[in-house]
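Structure below is protein_21.cif: mmCIF, C-alpha atoms.
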data_query
#
loop_
_atom_site.label_atom_id
_atom_site.label_comp_id
_atom_site.auth_asym_id
_atom_site.auth_seq_id
_atom_site.Cartn_x
_atom_site.Cartn_y
_atom_site.Cartn_z
CA MET C 1 134.96 102.40 47.29
CA LEU C 2 132.11 104.07 49.09
CA SER C 3 129.99 100.96 49.09
CA LYS C 4 132.91 99.08 50.65
CA LYS C 5 132.98 101.65 53.43
CA ILE C 6 129.26 101.22 54.06
CA THR C 7 129.51 97.45 54.04
CA SER C 8 132.45 97.43 56.41
CA SER C 9 130.71 99.89 58.78
CA ILE C 10 127.55 97.78 58.97
CA ALA C 11 129.62 94.65 59.42
CA SER C 12 131.46 96.30 62.30
CA LEU C 13 128.21 97.27 64.00
CA LEU C 14 126.78 93.80 63.62
CA LEU C 15 130.00 92.35 64.99
CA LEU C 16 129.62 94.61 68.03
CA ALA C 17 126.03 93.48 68.40
CA SER C 18 127.04 89.85 68.35
CA ILE C 19 129.64 90.53 71.06
CA PHE C 20 127.25 92.40 73.34
CA LEU C 21 124.25 90.24 72.64
CA PRO C 22 125.40 86.64 72.63
CA SER C 23 121.95 85.41 73.61
CA LEU C 24 120.66 86.31 70.17
CA SER C 25 122.89 83.88 68.39
CA SER C 26 122.12 81.30 71.06
CA ALA C 27 118.38 81.68 70.47
CA GLN C 28 118.88 81.31 66.77
CA GLN C 29 120.83 78.11 67.30
CA GLN C 30 118.04 76.75 69.46
CA ALA C 31 115.49 77.63 66.84
CA ALA C 32 117.48 75.78 64.28
CA LYS C 33 117.50 72.51 66.20
CA PRO C 34 116.40 69.71 63.92
CA ALA C 35 113.45 67.51 64.82
CA VAL C 36 115.42 64.36 64.11
CA ASN C 37 116.09 63.40 67.74
CA PHE C 38 113.01 65.09 69.05
CA CYS C 39 111.50 62.04 70.75
CA GLY C 40 114.74 61.57 72.65
CA ARG C 41 114.51 65.14 73.91
CA VAL C 42 110.85 65.23 74.94
CA SER C 43 111.46 64.45 78.62
CA THR C 44 114.23 67.03 78.85
CA LEU C 45 112.07 69.66 77.19
CA GLN C 46 109.24 68.93 79.58
CA THR C 47 111.51 69.15 82.61
CA THR C 48 112.90 72.46 81.40
CA LEU C 49 109.47 73.92 80.70
CA ASP C 50 108.08 72.66 84.01
CA GLN C 51 110.94 74.33 85.84
CA THR C 52 110.37 77.59 83.99
CA ILE C 53 106.67 77.45 84.81
CA THR C 54 107.41 76.77 88.49
CA ASP C 55 109.95 79.60 88.70
CA ARG C 56 107.67 82.16 87.08
CA LYS C 57 104.68 81.03 89.07
CA ASN C 58 106.70 81.50 92.27
CA LYS C 59 107.77 84.97 91.17
CA LEU C 60 104.17 85.89 90.44
CA GLU C 61 103.03 84.65 93.84
CA ASN C 62 105.83 86.63 95.48
CA THR C 63 104.60 89.71 93.65
CA TRP C 64 101.12 89.10 95.02
CA THR C 65 102.45 88.65 98.56
CA GLN C 66 104.49 91.84 98.35
CA ARG C 67 101.49 93.74 97.01
CA GLN C 68 99.30 92.52 99.83
CA GLN C 69 101.90 93.50 102.43
CA MET C 70 102.44 96.91 100.86
CA ILE C 71 98.74 97.71 100.77
CA ALA C 72 98.29 96.57 104.39
CA THR C 73 101.23 98.69 105.53
CA ASN C 74 100.02 101.76 103.66
CA ARG C 75 96.53 101.38 105.06
CA SER C 76 97.83 101.06 108.59
CA ASN C 77 100.06 104.11 108.18
CA ARG C 78 97.24 106.16 106.73
CA GLU C 79 94.85 105.15 109.51
CA GLN C 80 97.34 106.22 112.16
CA ARG C 81 97.96 109.48 110.37
CA LEU C 82 94.28 110.21 109.88
CA THR C 83 93.49 109.46 113.52
CA SER C 84 96.31 111.74 114.63
CA ASP C 85 95.21 114.48 112.22
CA ARG C 86 91.64 114.37 113.39
CA LEU C 87 92.62 114.49 117.03
CA GLN C 88 94.71 117.61 116.48
CA TRP C 89 92.01 119.31 114.45
CA ASP C 90 89.43 118.44 117.13
CA GLN C 91 91.64 120.04 119.77
CA ASN C 92 92.27 123.05 117.55
CA ARG C 93 88.54 123.60 117.06
CA GLN C 94 87.83 123.31 120.78
CA GLU C 95 90.47 125.93 121.55
CA ARG C 96 88.82 128.27 119.08
CA TYR C 97 85.35 127.74 120.59
CA ASN C 98 86.79 128.46 124.05
CA LYS C 99 88.55 131.64 122.91
CA MET C 100 85.45 132.92 121.15
CA MET C 101 83.35 132.15 124.21
CA ALA C 102 85.83 133.93 126.47
CA LYS C 103 85.58 137.02 124.32
CA ALA C 104 81.77 137.03 124.15
CA THR C 105 80.22 139.82 126.21
CA THR C 106 76.49 139.10 125.98
CA ASP C 107 74.27 136.06 126.47
CA SER C 108 73.08 136.27 122.87
CA GLN C 109 76.66 136.12 121.66
CA LYS C 110 77.35 133.12 123.91
CA GLN C 111 74.22 131.39 122.62
CA ALA C 112 75.30 132.06 119.05
CA ILE C 113 78.73 130.53 119.73
CA THR C 114 77.14 127.47 121.38
CA ALA C 115 74.84 127.03 118.38
CA PHE C 116 77.76 127.50 116.02
CA GLU C 117 79.76 124.86 117.87
CA ALA C 118 76.87 122.36 117.69
CA THR C 119 76.40 122.99 113.97
CA ILE C 120 80.08 122.65 113.16
CA GLU C 121 80.60 119.53 115.29
CA LEU C 122 77.67 117.82 113.60
CA ALA C 123 79.00 118.83 110.17
CA VAL C 124 82.48 117.54 111.01
CA LYS C 125 81.03 114.28 112.30
CA THR C 126 78.96 113.87 109.13
CA ARG C 127 81.99 114.59 106.97
CA LYS C 128 84.13 112.07 108.86
CA SER C 129 81.45 109.39 108.53
CA ALA C 130 81.18 110.00 104.80
CA ALA C 131 84.96 109.78 104.34
CA ASP C 132 85.28 106.68 106.53
CA GLY C 133 82.44 104.98 104.68
CA ALA C 134 83.96 105.80 101.32
CA ILE C 135 87.35 104.49 102.42
CA GLN C 136 85.91 101.24 103.78
CA THR C 137 83.84 100.68 100.65
CA PHE C 138 86.84 101.47 98.51
CA ARG C 139 89.05 99.03 100.40
CA SER C 140 86.49 96.23 100.17
CA SER C 141 86.08 96.83 96.48
CA LEU C 142 89.83 96.95 95.89
CA ASP C 143 90.40 93.74 97.86
CA GLN C 144 87.65 92.04 95.92
CA ALA C 145 89.09 93.18 92.59
CA ILE C 146 92.53 91.88 93.55
CA ASN C 147 91.14 88.58 94.79
CA THR C 148 89.11 88.11 91.63
CA ARG C 149 92.12 88.86 89.49
CA GLU C 150 94.38 86.47 91.40
CA THR C 151 91.78 83.72 91.33
CA ASP C 152 91.34 84.13 87.57
CA ILE C 153 95.08 84.01 86.98
CA LYS C 154 95.55 81.02 89.31
CA THR C 155 92.89 79.16 87.37
CA ALA C 156 94.56 80.12 84.10
CA ILE C 157 97.91 78.89 85.41
CA SER C 158 96.40 75.60 86.52
CA ASN C 159 94.75 75.16 83.12
CA PHE C 160 98.01 76.03 81.38
CA GLN C 161 99.93 73.47 83.43
CA SER C 162 97.33 70.79 82.70
CA ALA C 163 97.46 71.59 79.00
CA VAL C 164 101.26 71.37 79.05
CA ASP C 165 101.17 68.03 80.88
CA ASN C 166 98.62 66.67 78.44
CA ALA C 167 100.62 67.88 75.45
CA PHE C 168 103.79 66.18 76.63
CA SER C 169 101.93 62.99 77.58
CA GLN C 170 100.47 62.86 74.10
CA ALA C 171 103.88 63.48 72.55
CA LYS C 172 105.45 60.67 74.58
CA THR C 173 102.62 58.32 73.68
CA ASP C 174 102.97 59.17 70.01
CA CYS C 175 106.72 58.69 70.17
CA ASP C 176 106.27 55.29 71.84
CA LYS C 177 103.87 54.31 69.10
CA GLY C 178 106.47 55.16 66.50
CA ALA C 179 104.69 58.13 65.00
CA GLN C 180 106.64 60.36 62.68
CA THR C 181 108.92 62.59 64.72
CA ALA C 182 108.16 65.68 62.70
CA ILE C 183 104.43 65.26 63.25
CA VAL C 184 104.84 64.63 66.98
CA HIS C 185 107.04 67.70 67.19
CA SER C 186 104.56 69.84 65.29
CA ASN C 187 101.59 68.61 67.34
CA LEU C 188 103.38 69.36 70.58
CA LYS C 189 104.25 72.88 69.51
CA THR C 190 100.68 73.48 68.35
CA ALA C 191 99.27 72.24 71.66
CA LEU C 192 101.68 74.37 73.70
CA GLN C 193 100.97 77.41 71.58
CA ALA C 194 97.23 76.90 72.10
CA ALA C 195 97.77 76.64 75.87
CA ARG C 196 99.72 79.87 75.80
CA GLN C 197 97.02 81.64 73.79
CA GLN C 198 94.34 80.46 76.20
CA PHE C 199 96.35 81.86 79.10
CA GLU C 200 96.67 85.18 77.27
CA ILE C 201 92.89 85.35 76.78
CA THR C 202 92.33 84.89 80.50
CA ARG C 203 94.91 87.53 81.23
CA GLN C 204 93.16 90.06 79.03
CA THR C 205 89.90 89.34 80.84
CA ALA C 206 91.64 89.91 84.18
CA ASP C 207 92.93 93.27 82.95
CA LYS C 208 89.35 94.47 82.53
CA VAL C 209 88.88 94.15 86.30
CA SER C 210 91.54 96.80 86.76
CA THR C 211 89.67 99.21 84.53
CA GLN C 212 86.43 98.60 86.42
CA GLU C 213 88.20 99.25 89.69
CA GLN C 214 89.48 102.62 88.51
CA THR C 215 85.95 103.60 87.54
CA LEU C 216 84.62 102.63 90.97
CA ALA C 217 87.45 104.52 92.68
CA GLN C 218 86.54 107.65 90.77
CA ALA C 219 82.88 107.26 91.77
CA ARG C 220 83.86 107.04 95.43
CA ARG C 221 86.21 109.98 95.12
CA ASN C 222 83.28 111.97 93.78
CA SER C 223 81.14 110.99 96.78
CA VAL C 224 83.84 112.22 99.18
CA GLU C 225 84.12 115.46 97.27
CA GLN C 226 80.35 115.86 97.51
CA ALA C 227 80.47 115.33 101.30
CA ILE C 228 83.20 117.94 101.65
CA SER C 229 81.31 120.34 99.41
CA THR C 230 78.26 119.96 101.65
CA PHE C 231 80.48 120.60 104.67
CA LYS C 232 81.82 123.80 103.13
CA THR C 233 78.30 125.08 102.46
CA THR C 234 77.22 124.34 106.03
CA LEU C 235 80.36 126.04 107.32
CA GLN C 236 79.78 129.16 105.23
CA ASP C 237 76.19 129.49 106.49
CA ALA C 238 77.21 128.93 110.11
CA ILE C 239 80.05 131.46 109.92
CA THR C 240 77.76 134.08 108.41
CA THR C 241 75.21 133.55 111.19
CA LEU C 242 77.91 133.69 113.85
CA LYS C 243 79.52 136.84 112.49
CA THR C 244 76.12 138.53 112.42
CA ALA C 245 75.51 137.58 116.05
CA LEU C 246 78.96 138.84 117.03
CA GLY C 247 78.54 142.04 115.05
CA LYS C 248 81.50 141.26 112.81
CA ASN C 249 79.88 141.67 109.41
CA MET Z 250 127.53 114.95 47.86
CA THR Z 251 124.91 112.29 47.09
CA GLN Z 252 127.39 109.57 47.99
CA ASN Z 253 128.03 111.23 51.34
CA TRP Z 254 124.32 111.33 52.07
CA LYS Z 255 124.04 107.64 51.27
CA THR Z 256 126.83 106.93 53.72
CA VAL Z 257 125.23 109.01 56.45
CA VAL Z 258 121.78 107.47 55.93
CA SER Z 259 123.16 103.92 55.87
CA LEU Z 260 125.25 104.40 58.98
CA GLY Z 261 122.38 106.16 60.75
CA THR Z 262 120.02 103.29 59.98
CA ALA Z 263 122.52 100.71 61.17
CA VAL Z 264 123.13 102.61 64.42
CA ALA Z 265 119.36 102.97 65.01
CA ILE Z 266 118.87 99.23 64.54
CA LEU Z 267 121.75 98.46 66.87
CA LEU Z 268 120.43 100.82 69.55
CA GLY Z 269 116.97 99.29 69.17
CA ILE Z 270 118.33 95.79 69.69
CA ILE Z 271 120.36 96.87 72.71
CA TYR Z 272 117.31 98.55 74.23
CA ILE Z 273 115.15 95.46 73.71
CA LYS Z 274 117.79 93.23 75.30
CA THR Z 275 118.81 95.48 78.15
CA GLY Z 276 115.78 97.74 78.69
CA PRO Z 277 113.57 97.65 81.78
CA LYS Z 278 111.89 94.26 82.14
CA THR Z 279 109.84 94.72 85.26
CA ALA Z 280 107.37 97.38 86.27
CA ILE Z 281 107.93 98.21 89.91
CA TYR Z 282 104.78 99.21 91.70
CA THR Z 283 105.30 101.85 94.33
CA ALA Z 284 102.19 102.34 96.34
CA PRO Z 285 101.34 105.95 97.04
CA GLN Z 286 102.43 107.16 100.42
CA ASN Z 287 100.58 109.51 102.71
CA SER Z 288 100.76 112.66 100.69
CA TYR Z 289 98.75 115.02 102.86
CA SER Z 290 100.61 117.48 104.99
CA ASN Z 291 101.60 117.00 108.59
CA PRO Z 292 99.05 118.69 110.88
CA SER Z 293 101.65 119.49 113.53
CA GLN Z 294 103.17 121.83 110.96
CA SER Z 295 100.00 123.05 109.29
CA THR Z 296 97.40 123.36 112.05
CA PRO Z 297 97.11 127.12 112.50
CA PRO Z 298 97.20 128.56 116.02
CA ALA Z 299 93.74 128.95 117.56
CA THR Z 300 92.28 132.46 117.74
CA ASP Z 301 88.88 133.93 118.61
CA ASN Z 302 88.42 135.22 115.06
CA PRO Z 303 85.54 133.59 113.08
CA ASN Z 304 87.41 134.14 109.81
CA ASP Z 305 90.41 132.20 111.16
CA MET Z 306 87.99 129.49 112.30
CA GLN Z 307 86.55 129.27 108.80
CA SER Z 308 90.02 128.99 107.23
CA ALA Z 309 91.06 126.30 109.70
CA LEU Z 310 87.92 124.25 109.11
CA LEU Z 311 88.36 124.47 105.36
CA GLN Z 312 91.98 123.40 105.73
CA SER Z 313 91.00 120.38 107.82
CA ALA Z 314 88.42 119.39 105.20
CA VAL Z 315 90.93 119.62 102.39
CA GLN Z 316 93.43 117.59 104.40
CA GLU Z 317 90.90 114.86 104.99
CA GLN Z 318 90.05 114.83 101.30
CA SER Z 319 93.71 114.36 100.38
CA SER Z 320 93.95 111.45 102.80
CA PHE Z 321 91.24 109.71 100.83
CA SER Z 322 92.96 110.53 97.57
CA ALA Z 323 96.08 108.80 98.88
CA GLU Z 324 93.91 105.77 99.73
CA ALA Z 325 92.38 105.69 96.28
CA GLY Z 326 95.86 105.70 94.79
CA ASP Z 327 96.13 102.06 95.85
CA SER Z 328 93.88 101.13 92.93
CA ALA Z 329 97.03 101.11 90.81
CA ALA Z 330 98.07 98.04 92.82
CA VAL Z 331 95.49 95.93 91.02
CA SER Z 332 97.57 95.82 87.87
CA SER Z 333 100.98 95.86 89.56
CA ASP Z 334 101.42 92.17 88.72
CA ASN Z 335 101.16 92.77 84.96
CA GLN Z 336 104.82 92.12 84.27
CA ALA Z 337 104.96 88.94 86.35
CA ILE Z 338 101.82 87.61 84.63
CA SER Z 339 103.23 88.51 81.24
CA ASN Z 340 106.47 86.72 82.09
CA PHE Z 341 104.52 83.62 83.08
CA GLY Z 342 102.59 83.73 79.81
CA GLN Z 343 105.90 83.55 77.98
CA ALA Z 344 107.15 80.50 79.88
CA TYR Z 345 106.69 78.48 76.72
CA ASP Z 346 109.30 79.63 74.23
CA ALA Z 347 108.63 78.11 70.82
CA ASN Z 348 112.24 78.77 69.83
CA ALA Z 349 113.44 76.34 72.48
CA PHE Z 350 111.50 73.56 70.76
#

Output the structure of this file as structure tokens.
Amino acid sequence: MLSKKITSSIASLLLLASIFLPSLSSAQQQAAKPAVNFCGRVSTLQTTLDQTITDRKNKLENTWTQRQQMIATNRSNREQRLTSDRLQWDQNRQERYNKMMAKATTDSQKQAITAFEATIELAVKTRKSAADGAIQTFRSSLDQAINTRETDIKTAISNFQSAVDNAFSQAKTDCDKGAQTAIVHSNLKTALQAARQQFEITRQTADKVSTQEQTLAQARRNSVEQAISTFKTTLQDAITTLKTALGKN
Amino acid sequence: MTQNWKTVVSLGTAVAILLGIIYIKTGPKTAIYTAPQNSYSNPSQSTPPATDNPNDMQSALLQSAVQEQSSFSAEAGDSAAVSSDNQAISNFGQAYDANAF
């Protein structure tokens, strides 16, 4: 009684699965296709696979185009933002120098403020140069990594397509020669599987470029942090000197 | 009691398998890369008003340095773009479906 309940419950679930997932049963039917009329289907199979390859290649190239556009847009936006930021901070600093100078009552205080301004402006300039250099180097490196990856994948795609063409040509030749259908079928599948595996190997190699890029990005991030750390030290020393001169310790 | 447990375990297993199949068939197929946007704050809102106080000057200069550092961090976030084509490449690699042959 109980076992009937279990059986009927599982059967109900599997029935639901077959309703919601019709592609599963379709795939199983395809897998079960006999090799009897294989030679008659070779051209159709090739056309179908070629179309799939073309579609997926186009999608991949669209992904690359979108990535390129997105990176270019982000860079442009960031450049505009950074330029605007720097301009406002430059103006803000100048206002502060002017206010400090206006409040100075002695020549020595004015000299101290002038020296402070020179020190800070040089430090800011050095910091900006370090950041700009790091960004440019980072961009070049990123572009190179992307180009290398795309080139590797394009080559892999070309090799895959050639291997597919060769496999089907061989299958057609074998069929024309009257070779056993089952053997032709098996050879074609083996050749296509090998082409796919070769593509996968290239893909894994391309993935390593991504890892290298992340390492380089971290190295450059560290260099920017070092430049800012140096700036902070210079600032601290300059402020201490200035406060001493202004009698604000 | 034991029979009830068998029923629960059997049904639970069947449901888990069904949910697994549904997830595989209908789950996310593409990884969408969203490049990092400018994450550092807007200076028009954060630039402090200028004073003649050296301590304020020090705070403002530190703030500008931190802001510039975050602008570079946003730039470096683009490195994730290198692998943003993973899904499309993977899809291409599966163009040949042995089951169709």

Checklist outcome for this item: Taken to one decimal, the CA of Met100 (chain C)-CA of Thr244 (chain C) distance is 14.0 Å

Item to check | Given only C-alpha atoms as the counted atoms, nearest of Z:Ala329, Z:Ala323, Z:Ala309, Z:Ile338 to Ser295 (chain Z) | outcome: Z:Ala309

Next on the checklist: Could you tell me, as a list in words, exactly which residues end up selected when the PyMOL selection byres ((chain C and resi 60-69) around 8) is applied to this structure?
Outcome noted: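 When the PyMOL selection byres ((chain C and resi 60-69) around 8) is applied to the shown file, the picked residues are Arg56, Lys57, Asn58, Lys59, Met70, Ile71, Ala72 and Thr73 of chain C; Ala330, Ser333, Asp334, Ala337, Ile338 and Phe341 of chain Z.
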
Checklist entry - Quick one, how far is CA of Thr119 (chain C) from CA of Thr137 (chain C)? => result 27.0 Å

Checklist entry - For the file shown, what are the residues hit by the PyMOL selection byres ((chain C and resi 173-180) around 12), laid out as a ChimeraX atom specification? => result /C:35-43,166-172,181-188

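For the choices Z:Ser322, Z:Gln307, Z:Thr300, Z:Asn253, the atom-to-atom distance to Arg221 (chain C) is smallest for Z:Ser322 when using all atoms listed in the file.
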
Checklist entry - Within 9 Å of (74.9, 121.6, 107.6), only C-alpha atoms: residues as a PyMOL selection string? => result chain C and resi 119-120+122-123+126+230-235+237-238

Next on the checklist: I need the residue nearest Val331 (chain Z) from this list: C:Val164, C:Leu242, C:Ala206, C:Ala102. Use only C-alpha atoms for the distance.
Outcome noted: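 Among C:Val164, C:Leu242, C:Ala206, C:Ala102, it is C:Ala206 that comes nearest to Val331 (chain Z).
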
Checklist entry - Between C:Asn159, C:Thr106, C:Thr148, C:Thr54, which one has atoms that come closest to Thr205 (chain C), using only C-alpha atoms? => result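 Looking at the shortest contact to Thr205 (chain C), the residue is C:Thr148.
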